[in-house]
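**Student:** Here you go, this is data18.csv (CSV, C-alpha atoms and all ligand atoms).
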```csv
chain,number,residue,atom,x,y,z
J,1291,MET,CA,70.3,145.4,-35.0
J,1292,ILE,CA,72.0,144.0,-32.0
J,1293,GLN,CA,72.7,146.7,-29.5
J,1294,LYS,CA,75.2,146.4,-26.7
J,1295,SER,CA,74.0,148.2,-23.6
J,1296,GLY,CA,76.2,150.4,-21.5
J,1297,ARG,CA,79.0,150.7,-24.2
J,1298,ALA,CA,79.2,154.5,-24.6
J,1299,SER,CA,82.9,154.2,-23.9
J,1300,VAL,CA,83.4,152.0,-26.9
J,1301,THR,CA,82.1,154.7,-29.3
J,1302,GLU,CA,84.4,157.2,-27.6
J,1303,LEU,CA,87.2,154.8,-28.1
J,1304,ALA,CA,86.5,154.4,-31.8
J,1305,ASN,CA,86.2,158.1,-32.3
J,1306,HIS,CA,89.4,159.1,-30.4
J,1307,GLU,CA,92.0,156.4,-30.4
J,1308,ARG,CA,95.0,157.2,-28.3
J,1309,HIS,CA,98.5,155.7,-28.6
J,1310,GLY,CA,100.7,157.5,-26.2
J,1311,ALA,CA,101.2,160.9,-27.8
J,1312,GLN,CA,99.5,159.7,-31.0
J,1313,GLU,CA,95.8,160.2,-31.7
J,1314,HIS,CA,94.0,158.5,-34.6
J,1315,HIS,CA,90.5,159.3,-35.6
J,1316,HIS,CA,88.4,156.6,-37.4
J,1317,ARG,CA,84.8,157.8,-37.3
J,1318,GLY,CA,83.1,158.3,-40.6
J,1319,LYS,CA,86.0,157.2,-42.7
J,1320,SER,CA,85.5,154.8,-45.6
J,1321,SER,CA,88.2,153.3,-47.8
J,1322,GLU,CA,85.8,152.3,-50.5
J,1323,SER,CA,87.0,154.7,-53.2
J,1324,ARG,CA,90.6,153.7,-52.7
J,1325,LEU,CA,90.3,149.9,-52.6
J,1326,ASP,CA,90.1,147.4,-55.5
J,1327,LYS,CA,87.0,145.7,-54.4
J,1328,ALA,CA,87.0,143.2,-57.2
J,1329,ARG,CA,90.5,142.0,-56.4
J,1330,ILE,CA,89.6,141.7,-52.7
J,1331,LEU,CA,86.5,139.7,-53.4
J,1332,GLN,CA,88.2,137.4,-55.9
J,1333,ALA,CA,91.0,136.7,-53.3
J,1334,LEU,CA,88.4,136.0,-50.6
J,1335,GLY,CA,86.6,133.4,-52.8
J,1336,LEU,CA,83.4,133.4,-50.7
J,1337,MET,CA,80.9,130.6,-51.3
J,1338,PRO,CA,77.1,130.4,-50.9
J,1339,GLY,CA,76.1,129.4,-47.4
J,1340,GLN,CA,79.2,130.8,-45.6
J,1341,THR,CA,79.1,133.0,-42.5
J,1342,VAL,CA,81.2,136.2,-42.6
J,1343,LEU,CA,82.0,138.9,-40.1
J,1344,ASP,CA,82.9,142.4,-41.4
J,1345,ALA,CA,84.5,143.9,-38.2
J,1346,GLY,CA,84.7,147.6,-38.3
J,1347,CYS,CA,82.3,147.7,-41.2
J,1348,GLY,CA,81.8,151.5,-41.3
J,1349,ASN,CA,79.0,152.2,-43.8
J,1350,GLY,CA,78.9,148.4,-44.7
J,1351,TYR,CA,79.8,148.6,-48.3
J,1352,MET,CA,81.8,145.4,-48.1
J,1353,ALA,CA,79.2,143.6,-45.9
J,1354,LYS,CA,76.7,144.2,-48.8
J,1355,GLU,CA,79.2,142.6,-51.3
J,1356,PHE,CA,79.7,139.6,-49.0
J,1357,ALA,CA,76.0,139.2,-48.5
J,1358,ALA,CA,75.4,138.9,-52.3
J,1359,ARG,CA,78.1,136.2,-52.5
J,1360,VAL,CA,77.1,134.0,-49.5
J,1361,GLY,CA,73.4,134.2,-50.6
J,1362,GLN,CA,70.3,133.5,-48.5
J,1363,GLU,CA,71.7,130.3,-47.0
J,1364,GLY,CA,74.6,132.4,-45.7
J,1365,LYS,CA,74.9,135.2,-43.3
J,1366,VAL,CA,76.9,138.4,-42.8
J,1367,PHE,CA,77.4,140.1,-39.5
J,1368,ALA,CA,78.4,143.7,-39.8
J,1369,LEU,CA,79.9,145.1,-36.6
J,1370,ASP,CA,81.1,148.5,-35.6
J,1371,PRO,CA,81.1,150.6,-32.4
J,1372,ASP,CA,79.7,153.6,-34.3
J,1373,GLU,CA,76.0,153.5,-33.4
J,1374,VAL,CA,75.1,156.0,-36.1
J,1375,ALA,CA,76.7,154.0,-38.9
J,1376,ILE,CA,75.2,150.8,-37.6
J,1377,ALA,CA,71.7,152.3,-37.4
J,1378,ALA,CA,71.9,153.6,-41.0
J,1379,LEU,CA,73.1,150.2,-42.2
J,1380,SER,CA,70.5,148.4,-40.2
J,1381,GLU,CA,67.8,150.5,-41.9
J,1382,GLN,CA,69.2,149.9,-45.4
J,1383,THR,CA,69.6,146.1,-44.9
J,1384,ALA,CA,66.5,145.1,-42.9
J,1385,GLY,CA,65.1,141.8,-44.0
J,1386,THR,CA,68.3,140.7,-45.8
J,1387,ASN,CA,71.0,138.2,-44.7
J,1388,ILE,CA,73.0,141.0,-43.0
J,1389,VAL,CA,72.9,141.2,-39.2
J,1390,THR,CA,74.1,144.5,-37.9
J,1391,VAL,CA,75.8,144.7,-34.5
J,1392,VAL,CA,77.0,147.6,-32.4
J,1393,GLY,CA,80.2,146.2,-30.9
J,1394,ASP,CA,84.0,146.3,-30.3
J,1395,ILE,CA,86.1,143.5,-31.9
J,1396,THR,CA,88.8,144.0,-29.3
J,1397,ALA,CA,86.5,142.8,-26.5
J,1398,PRO,CA,84.2,139.8,-26.1
J,1399,THR,CA,81.2,140.4,-28.4
J,1400,VAL,CA,77.7,138.9,-28.5
J,1401,LEU,CA,78.7,137.0,-31.7
J,1402,PRO,CA,78.5,133.1,-31.7
J,1403,ALA,CA,81.8,131.2,-31.1
J,1404,ALA,CA,83.6,129.1,-33.8
J,1405,THR,CA,81.2,130.2,-36.5
J,1406,PHE,CA,82.9,132.4,-39.0
J,1407,ASP,CA,84.3,131.2,-42.3
J,1408,LEU,CA,85.7,134.6,-42.8
J,1409,ILE,CA,86.5,137.6,-40.6
J,1410,TYR,CA,87.2,140.7,-42.6
J,1411,VAL,CA,88.9,143.7,-41.0
J,1412,SER,CA,89.6,146.6,-43.3
J,1413,ASN,CA,91.5,149.7,-42.1
J,1414,VAL,CA,90.8,149.1,-38.5
J,1415,VAL,CA,93.8,147.3,-36.9
J,1416,HIS,CA,96.2,150.3,-37.1
J,1417,GLY,CA,93.9,152.1,-34.7
J,1418,PHE,CA,94.4,149.5,-32.0
J,1419,SER,CA,96.5,150.0,-28.9
J,1420,THR,CA,98.7,147.1,-27.7
J,1421,GLU,CA,96.1,146.1,-25.2
J,1422,GLN,CA,93.3,146.2,-27.8
J,1423,LEU,CA,95.4,144.1,-30.1
J,1424,GLU,CA,95.5,141.4,-27.4
J,1425,GLY,CA,91.7,141.6,-27.0
J,1426,PHE,CA,91.4,141.4,-30.8
J,1427,LYS,CA,93.5,138.2,-31.0
J,1428,ALA,CA,91.4,136.6,-28.2
J,1429,GLU,CA,88.1,137.4,-29.9
J,1430,LEU,CA,89.4,136.2,-33.3
J,1431,GLN,CA,90.3,132.9,-31.7
J,1432,ARG,CA,86.9,132.6,-30.2
J,1433,LEU,CA,84.9,133.5,-33.4
J,1434,LEU,CA,86.8,131.8,-36.2
J,1435,ALA,CA,85.5,128.4,-37.4
J,1436,PRO,CA,88.2,125.7,-37.4
J,1437,ASP,CA,88.8,126.2,-41.1
J,1438,GLY,CA,88.0,129.9,-41.0
J,1439,LYS,CA,90.1,132.7,-42.5
J,1440,LEU,CA,91.0,136.1,-41.3
J,1441,ALA,CA,91.5,138.9,-43.9
J,1442,ILE,CA,93.0,142.2,-43.0
J,1443,VAL,CA,93.3,145.2,-45.3
J,1444,GLU,CA,95.8,147.8,-44.1
J,1445,ILE,CA,97.7,150.8,-45.4
J,1446,VAL,CA,101.3,150.1,-46.5
J,1447,LYS,CA,104.1,151.1,-44.1
J,1448,ARG,CA,105.6,153.8,-46.3
J,1449,ASP,CA,104.9,157.4,-47.0
J,1450,THR,CA,101.5,157.9,-48.7
J,1451,PRO,CA,99.6,161.1,-49.2
J,1452,PHE,CA,96.9,159.8,-46.8
J,1453,GLY,CA,96.6,157.5,-43.8
J,1454,PRO,CA,97.8,157.4,-40.2
J,1455,PRO,CA,101.3,158.1,-39.0
J,1456,LEU,CA,103.9,155.5,-40.1
J,1457,GLU,CA,104.5,154.3,-36.6
J,1458,LEU,CA,100.9,153.2,-36.3
J,1459,ARG,CA,101.0,151.1,-39.5
J,1460,PHE,CA,101.7,147.4,-39.7
J,1461,SER,CA,103.7,145.8,-42.5
J,1462,PRO,CA,102.4,142.3,-43.5
J,1463,GLU,CA,105.3,140.8,-41.5
J,1464,GLU,CA,104.5,142.8,-38.4
J,1465,LEU,CA,100.8,141.8,-38.7
J,1466,GLN,CA,101.7,138.1,-38.9
J,1467,GLN,CA,104.0,138.5,-35.9
J,1468,ALA,CA,101.4,140.5,-33.8
J,1469,LEU,CA,98.6,138.0,-34.5
J,1470,ALA,CA,100.7,134.8,-34.5
J,1471,LEU,CA,98.6,133.3,-37.2
J,1472,ALA,CA,99.8,131.6,-40.4
J,1473,GLY,CA,99.9,134.0,-43.3
J,1474,LEU,CA,98.5,132.6,-46.5
J,1475,THR,CA,98.4,135.4,-49.1
J,1476,THR,CA,99.5,139.0,-49.4
J,1477,LEU,CA,98.4,141.1,-52.3
J,1478,ASP,CA,98.1,144.8,-53.3
J,1479,VAL,CA,94.5,145.9,-53.3
J,1480,GLY,CA,94.8,149.5,-54.3
J,1481,GLU,CA,97.4,152.3,-54.3
J,1482,GLY,CA,98.9,152.1,-50.9
J,1483,PHE,CA,96.8,149.2,-49.5
J,1484,TYR,CA,97.5,145.5,-49.1
J,1485,LEU,CA,95.3,142.5,-48.2
J,1486,GLN,CA,96.7,139.8,-45.9
J,1487,ILE,CA,94.8,136.5,-45.5
J,1488,PHE,CA,95.5,134.3,-42.5
J,1489,ALA,CA,94.6,130.7,-41.8
J,1490,ASN,CA,93.2,129.8,-38.4
J,1491,HIS,CA,96.3,128.1,-37.1
J,1492,PRO,CA,99.4,129.4,-35.5
J,1493,SER,CA,102.3,130.6,-37.5
J,1494,THR,CA,105.3,128.2,-37.4
J,1501,LIG,C1,88.8,153.8,-41.3
J,1501,LIG,S1,87.2,153.1,-41.0
J,1501,LIG,C2,87.2,151.7,-42.1
J,1501,LIG,C3,85.8,151.3,-42.5
J,1501,LIG,C4,85.7,150.1,-43.5
J,1501,LIG,N1,86.1,148.9,-42.9
J,1501,LIG,C5,86.5,150.5,-44.7
J,1501,LIG,O1,87.5,149.8,-45.0
J,1501,LIG,O2,86.2,151.4,-45.4
J,1501,LIG,C6,87.5,152.3,-39.4
J,1501,LIG,C7,86.2,151.7,-38.8
J,1501,LIG,O3,86.6,150.8,-37.7
J,1501,LIG,C8,85.7,151.1,-36.7
J,1501,LIG,N2,86.3,150.7,-35.4
J,1501,LIG,C9,87.2,151.4,-34.6
J,1501,LIG,N3,87.5,150.7,-33.5
J,1501,LIG,C10,86.9,149.5,-33.6
J,1501,LIG,C11,86.8,148.4,-32.8
J,1501,LIG,N4,87.5,148.3,-31.6
J,1501,LIG,N5,86.0,147.3,-33.1
J,1501,LIG,C12,85.3,147.4,-34.3
J,1501,LIG,N6,85.3,148.4,-35.1
J,1501,LIG,C13,86.1,149.5,-34.8
J,1501,LIG,C14,85.3,152.5,-36.8
J,1501,LIG,O4,84.1,152.9,-36.1
J,1501,LIG,C15,85.2,152.7,-38.3
J,1501,LIG,O5,84.0,152.5,-38.8
```
Once more with this new file: its structure as structure tokens, please.
Ligand SMILES: C[S@@+](CC[C@H](N)C(=O)[O-])C[C@H]1O[C@@H](n2cnc3c(N)ncnc32)[C@H](O)[C@@H]1O

**Tutor:**
Amino acid sequence: MIQKSGRASVTELANHERHGAQEHHHRGKSSESRLDKARILQALGLMPGQTVLDAGCGNGYMAKEFAARVGQEGKVFALDPDEVAIAALSEQTAGTNIVTVVGDITAPTVLPAATFDLIYVSNVVHGFSTEQLEGFKAELQRLLAPDGKLAIVEIVKRDTPFGPPLELRFSPEELQQALALAGLTTLDVGEGFYLQIFANHPST
């Protein structure tokens, strides 16, 4: 496990997001039971030998799926500010091709630049403040390989029996605008969820 020192504030941030009057709690939540994993994995089309980042990995259920697909020649970095979740995942995946990292994807991380064939971010972005979104964009630009892809799973921007307040949610169009990256594919990946895949070049 890669541990970032002196980052207690990062964990606090993840546990207690604040958006003006809005508060949004992330800790301990997993979308696993609500998402169509097979559809997501098919759309991502991972290949043996690739390098993947699961940013905001939670309990790491997708990182494990990615690891099986990239194989021993590939590598999966599983990053989350939640030290408890990362410690548990680290114990479960010791000796595998998964590298666990305590970190914040909205700030410069310890991860290597221009390395990632895929950065996967599921049910995390709606928790970012405007300032965090800017930091996220900068770190994406640093980490993505030239031909790398970004995949974001988010909750649809309409009433659902679960999820954050509507004003915190992004539609696929709003995501594309906020990240200024070229959108490749948008698809439904479960009741109330979509996957948006981006190429690593600016939207036109
Ligand atoms: C709702 S959970 C989603 C977990 C998993 N990706 C999934 O889809 O089930 C949000 C996760 O994002 C993490 N998180 C929150 N802020 C983050 C940040 N700035 N950088 C990376 N991860 C963050 C939380 O700790 C939490 O594990």

**Student:** Which residue out of J:Val1391, J:Leu1477, J:Val1342, J:Ala1333 has the minimum interatomic distance to Asp1370 in chain J when all atoms listed in the file are used?

**Tutor:**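 Under the stated criterion, the closest residue is J:Val1391.
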
**Student:** Grab the CA of Leu1401 in chain J to atom C11 of ligand LIG 1501 (chain J) distance for me, in Å with one decimal place.

**Tutor:**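 Between these atoms lies a distance of 14.0 Å.
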
**Student:** Please, which residues in chain J fall within 6 Å of ligand LIG 1501 (chain J) when counting all atoms listed in the file, and what is the closest atom pair and distance in Å to one decimal for each, ordered by chain then residue number, as a Markdown table?

**Tutor:**
```
| residue | atom | partner | partner_atom | distance |
| --- | --- | --- | --- | --- |
| J:Ala1304 | CA | J:LIG1501 | C9 | 4.2 |
| J:His1316 | CA | J:LIG1501 | C1 | 4.8 |
| J:Arg1317 | CA | J:LIG1501 | O4 | 5.1 |
| J:Lys1319 | CA | J:LIG1501 | S1 | 4.6 |
| J:Ser1320 | CA | J:LIG1501 | O2 | 3.5 |
| J:Ser1321 | CA | J:LIG1501 | O2 | 3.7 |
| J:Glu1322 | CA | J:LIG1501 | O2 | 5.2 |
| J:Ala1345 | CA | J:LIG1501 | C12 | 5.3 |
| J:Gly1346 | CA | J:LIG1501 | N6 | 3.4 |
| J:Cys1347 | CA | J:LIG1501 | N1 | 4.3 |
| J:Gly1348 | CA | J:LIG1501 | O5 | 3.5 |
| J:Asp1370 | CA | J:LIG1501 | N6 | 4.2 |
| J:Pro1371 | CA | J:LIG1501 | O4 | 5.3 |
| J:Asp1372 | CA | J:LIG1501 | O4 | 4.8 |
| J:Asp1394 | CA | J:LIG1501 | N5 | 3.6 |
| J:Ile1395 | CA | J:LIG1501 | N5 | 4.0 |
| J:Thr1396 | CA | J:LIG1501 | N4 | 5.0 |
| J:Ser1412 | CA | J:LIG1501 | O1 | 4.2 |
| J:Asn1413 | CA | J:LIG1501 | C2 | 4.7 |
| J:Val1414 | CA | J:LIG1501 | O3 | 4.6 |
```

**Student:** Any chance you could export the current selection's C-alpha atoms as an mmCIF file, in the frame of the given file?

**Tutor:**
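Final file, selection.cif:
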```
data_model
loop_
_atom_site.group_PDB
_atom_site.id
_atom_site.type_symbol
_atom_site.label_atom_id
_atom_site.label_comp_id
_atom_site.auth_asym_id
_atom_site.auth_seq_id
_atom_site.Cartn_x
_atom_site.Cartn_y
_atom_site.Cartn_z
ATOM 1 C CA ALA J 1304 86.500 154.400 -31.800
ATOM 2 C CA HIS J 1316 88.400 156.600 -37.400
ATOM 3 C CA ARG J 1317 84.800 157.800 -37.300
ATOM 4 C CA LYS J 1319 86.000 157.200 -42.700
ATOM 5 C CA SER J 1320 85.500 154.800 -45.600
ATOM 6 C CA SER J 1321 88.200 153.300 -47.800
ATOM 7 C CA GLU J 1322 85.800 152.300 -50.500
ATOM 8 C CA ALA J 1345 84.500 143.900 -38.200
ATOM 9 C CA GLY J 1346 84.700 147.600 -38.300
ATOM 10 C CA CYS J 1347 82.300 147.700 -41.200
ATOM 11 C CA GLY J 1348 81.800 151.500 -41.300
ATOM 12 C CA ASP J 1370 81.100 148.500 -35.600
ATOM 13 C CA PRO J 1371 81.100 150.600 -32.400
ATOM 14 C CA ASP J 1372 79.700 153.600 -34.300
ATOM 15 C CA ASP J 1394 84.000 146.300 -30.300
ATOM 16 C CA ILE J 1395 86.100 143.500 -31.900
ATOM 17 C CA THR J 1396 88.800 144.000 -29.300
ATOM 18 C CA SER J 1412 89.600 146.600 -43.300
ATOM 19 C CA ASN J 1413 91.500 149.700 -42.100
ATOM 20 C CA VAL J 1414 90.800 149.100 -38.500
#
```

**Student:** For CA of Leu1369 in chain J and CA of Phe1418 in chain J, quote the distance in Å rounded to one decimal.

**Tutor:** 15.8 Å

**Student:** Taking the point (84.4, 140.5, -40.8) as given in the file, collect each protein or nucleic acid residue that comes within 7 Å of it, counting only C-alpha atoms, and present the set as JSON, numbers by chain.

**Tutor:** {"J": [1342, 1343, 1344, 1345, 1368, 1408, 1409, 1410, 1411]}

**Student:** Hey, can you check how far CA of Ala1403 in chain J sits from CA of Gly1339 in chain J?

**Tutor:**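 Atom-to-atom, CA of Ala1403 in chain J and CA of Gly1339 in chain J are spaced 17.4 Å apart.
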
**Student:** Counting all atoms listed in the file, find the residues whose atoms lie at most 8 Å from (102.3, 138.9, -28.4) (file coordinates) and write them out as a list in words.

**Tutor:**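 Neighbouring residues, ordered by chain and number, come to Glu1424, Gln1467, Ala1468, Leu1469 and Ala1470 of chain J.
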
**Student:** Find the residues near range 1381-1387 of chain J: any atom within 9 Å, counting only C-alpha atoms, skip ones fewer than 6 places away on the same chain, and give them as a list of chain:residue names.

**Tutor:**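 So, after excluding close chain neighbours, the residues are J:Met1291, J:Lys1354, J:Ala1357, J:Ala1358, J:Val1360, J:Gly1361, J:Gln1362, J:Glu1363, J:Gly1364, J:Lys1365, J:Val1366, J:Phe1367.
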
**Student:** Supply range 1376-1402 of chain J as a PDB file, keeping the file's coordinate frame, with N, CA and C atoms built in where the input has gaps.

**Tutor:**
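Just written: rebuild04.pdb:
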```
ATOM      1  N   ILE J1376      75.875 152.064 -37.733  1.00  0.00           N
ATOM      2  CA  ILE J1376      75.200 150.800 -37.600  1.00  0.00           C
ATOM      3  C   ILE J1376      73.646 150.995 -37.790  1.00  0.00           C
ATOM      4  N   ALA J1377      73.136 152.066 -37.223  1.00  0.00           N
ATOM      5  CA  ALA J1377      71.700 152.300 -37.400  1.00  0.00           C
ATOM      6  C   ALA J1377      71.329 152.565 -38.825  1.00  0.00           C
ATOM      7  N   ALA J1378      72.183 153.295 -39.545  1.00  0.00           N
ATOM      8  CA  ALA J1378      71.900 153.600 -41.000  1.00  0.00           C
ATOM      9  C   ALA J1378      71.971 152.276 -41.773  1.00  0.00           C
ATOM     10  N   LEU J1379      72.986 151.452 -41.495  1.00  0.00           N
ATOM     11  CA  LEU J1379      73.100 150.200 -42.200  1.00  0.00           C
ATOM     12  C   LEU J1379      71.965 149.253 -41.914  1.00  0.00           C
ATOM     13  N   SER J1380      71.563 149.252 -40.675  1.00  0.00           N
ATOM     14  CA  SER J1380      70.500 148.400 -40.200  1.00  0.00           C
ATOM     15  C   SER J1380      69.181 148.752 -41.010  1.00  0.00           C
ATOM     16  N   GLU J1381      68.962 150.038 -41.188  1.00  0.00           N
ATOM     17  CA  GLU J1381      67.800 150.500 -41.900  1.00  0.00           C
ATOM     18  C   GLU J1381      67.844 150.055 -43.392  1.00  0.00           C
ATOM     19  N   GLN J1382      69.038 150.193 -43.974  1.00  0.00           N
ATOM     20  CA  GLN J1382      69.200 149.900 -45.400  1.00  0.00           C
ATOM     21  C   GLN J1382      69.086 148.352 -45.666  1.00  0.00           C
ATOM     22  N   THR J1383      69.431 147.523 -44.654  1.00  0.00           N
ATOM     23  CA  THR J1383      69.600 146.100 -44.900  1.00  0.00           C
ATOM     24  C   THR J1383      68.514 145.240 -44.184  1.00  0.00           C
ATOM     25  N   ALA J1384      67.501 145.888 -43.647  1.00  0.00           N
ATOM     26  CA  ALA J1384      66.500 145.100 -42.900  1.00  0.00           C
ATOM     27  C   ALA J1384      65.888 144.046 -43.799  1.00  0.00           C
ATOM     28  N   GLY J1385      65.719 142.856 -43.255  1.00  0.00           N
ATOM     29  CA  GLY J1385      65.100 141.800 -44.000  1.00  0.00           C
ATOM     30  C   GLY J1385      66.072 141.021 -44.917  1.00  0.00           C
ATOM     31  N   THR J1386      67.347 141.408 -44.915  1.00  0.00           N
ATOM     32  CA  THR J1386      68.300 140.700 -45.800  1.00  0.00           C
ATOM     33  C   THR J1386      69.137 139.733 -44.881  1.00  0.00           C
ATOM     34  N   ASN J1387      70.150 139.147 -45.460  1.00  0.00           N
ATOM     35  CA  ASN J1387      71.000 138.200 -44.700  1.00  0.00           C
ATOM     36  C   ASN J1387      72.151 138.947 -43.996  1.00  0.00           C
ATOM     37  N   ILE J1388      72.000 140.256 -43.785  1.00  0.00           N
ATOM     38  CA  ILE J1388      73.000 141.000 -43.000  1.00  0.00           C
ATOM     39  C   ILE J1388      72.434 141.305 -41.622  1.00  0.00           C
ATOM     40  N   VAL J1389      73.221 140.935 -40.621  1.00  0.00           N
ATOM     41  CA  VAL J1389      72.900 141.200 -39.200  1.00  0.00           C
ATOM     42  C   VAL J1389      73.804 142.318 -38.749  1.00  0.00           C
ATOM     43  N   THR J1390      73.259 143.433 -38.316  1.00  0.00           N
ATOM     44  CA  THR J1390      74.100 144.500 -37.900  1.00  0.00           C
ATOM     45  C   THR J1390      74.290 144.473 -36.349  1.00  0.00           C
ATOM     46  N   VAL J1391      75.487 144.818 -35.915  1.00  0.00           N
ATOM     47  CA  VAL J1391      75.800 144.700 -34.500  1.00  0.00           C
ATOM     48  C   VAL J1391      76.636 145.915 -34.049  1.00  0.00           C
ATOM     49  N   VAL J1392      76.204 146.555 -32.988  1.00  0.00           N
ATOM     50  CA  VAL J1392      77.000 147.600 -32.400  1.00  0.00           C
ATOM     51  C   VAL J1392      78.001 146.844 -31.436  1.00  0.00           C
ATOM     52  N   GLY J1393      79.286 146.954 -31.691  1.00  0.00           N
ATOM     53  CA  GLY J1393      80.200 146.200 -30.900  1.00  0.00           C
ATOM     54  C   GLY J1393      81.664 146.571 -31.115  1.00  0.00           C
ATOM     55  N   ASP J1394      82.519 146.019 -30.278  1.00  0.00           N
ATOM     56  CA  ASP J1394      84.000 146.300 -30.300  1.00  0.00           C
ATOM     57  C   ASP J1394      84.675 144.949 -30.479  1.00  0.00           C
ATOM     58  N   ILE J1395      85.415 144.814 -31.547  1.00  0.00           N
ATOM     59  CA  ILE J1395      86.100 143.500 -31.900  1.00  0.00           C
ATOM     60  C   ILE J1395      87.289 143.267 -30.999  1.00  0.00           C
ATOM     61  N   THR J1396      87.663 144.225 -30.171  1.00  0.00           N
ATOM     62  CA  THR J1396      88.800 144.000 -29.300  1.00  0.00           C
ATOM     63  C   THR J1396      88.380 143.547 -27.887  1.00  0.00           C
ATOM     64  N   ALA J1397      87.096 143.230 -27.754  1.00  0.00           N
ATOM     65  CA  ALA J1397      86.500 142.800 -26.500  1.00  0.00           C
ATOM     66  C   ALA J1397      85.568 141.635 -26.796  1.00  0.00           C
ATOM     67  N   PRO J1398      85.169 140.837 -25.796  1.00  0.00           N
ATOM     68  CA  PRO J1398      84.200 139.800 -26.100  1.00  0.00           C
ATOM     69  C   PRO J1398      82.898 140.390 -26.655  1.00  0.00           C
ATOM     70  N   THR J1399      82.451 139.859 -27.784  1.00  0.00           N
ATOM     71  CA  THR J1399      81.200 140.400 -28.400  1.00  0.00           C
ATOM     72  C   THR J1399      80.070 139.414 -28.176  1.00  0.00           C
ATOM     73  N   VAL J1400      78.906 139.799 -28.683  1.00  0.00           N
ATOM     74  CA  VAL J1400      77.700 138.900 -28.500  1.00  0.00           C
ATOM     75  C   VAL J1400      77.688 137.872 -29.656  1.00  0.00           C
ATOM     76  N   LEU J1401      78.682 137.854 -30.529  1.00  0.00           N
ATOM     77  CA  LEU J1401      78.700 137.000 -31.700  1.00  0.00           C
ATOM     78  C   LEU J1401      78.930 135.513 -31.298  1.00  0.00           C
ATOM     79  N   PRO J1402      78.375 134.556 -32.078  1.00  0.00           N
ATOM     80  CA  PRO J1402      78.500 133.100 -31.700  1.00  0.00           C
ATOM     81  C   PRO J1402      79.956 132.617 -31.970  1.00  0.00           C
TER      82      PRO J1402
END
```
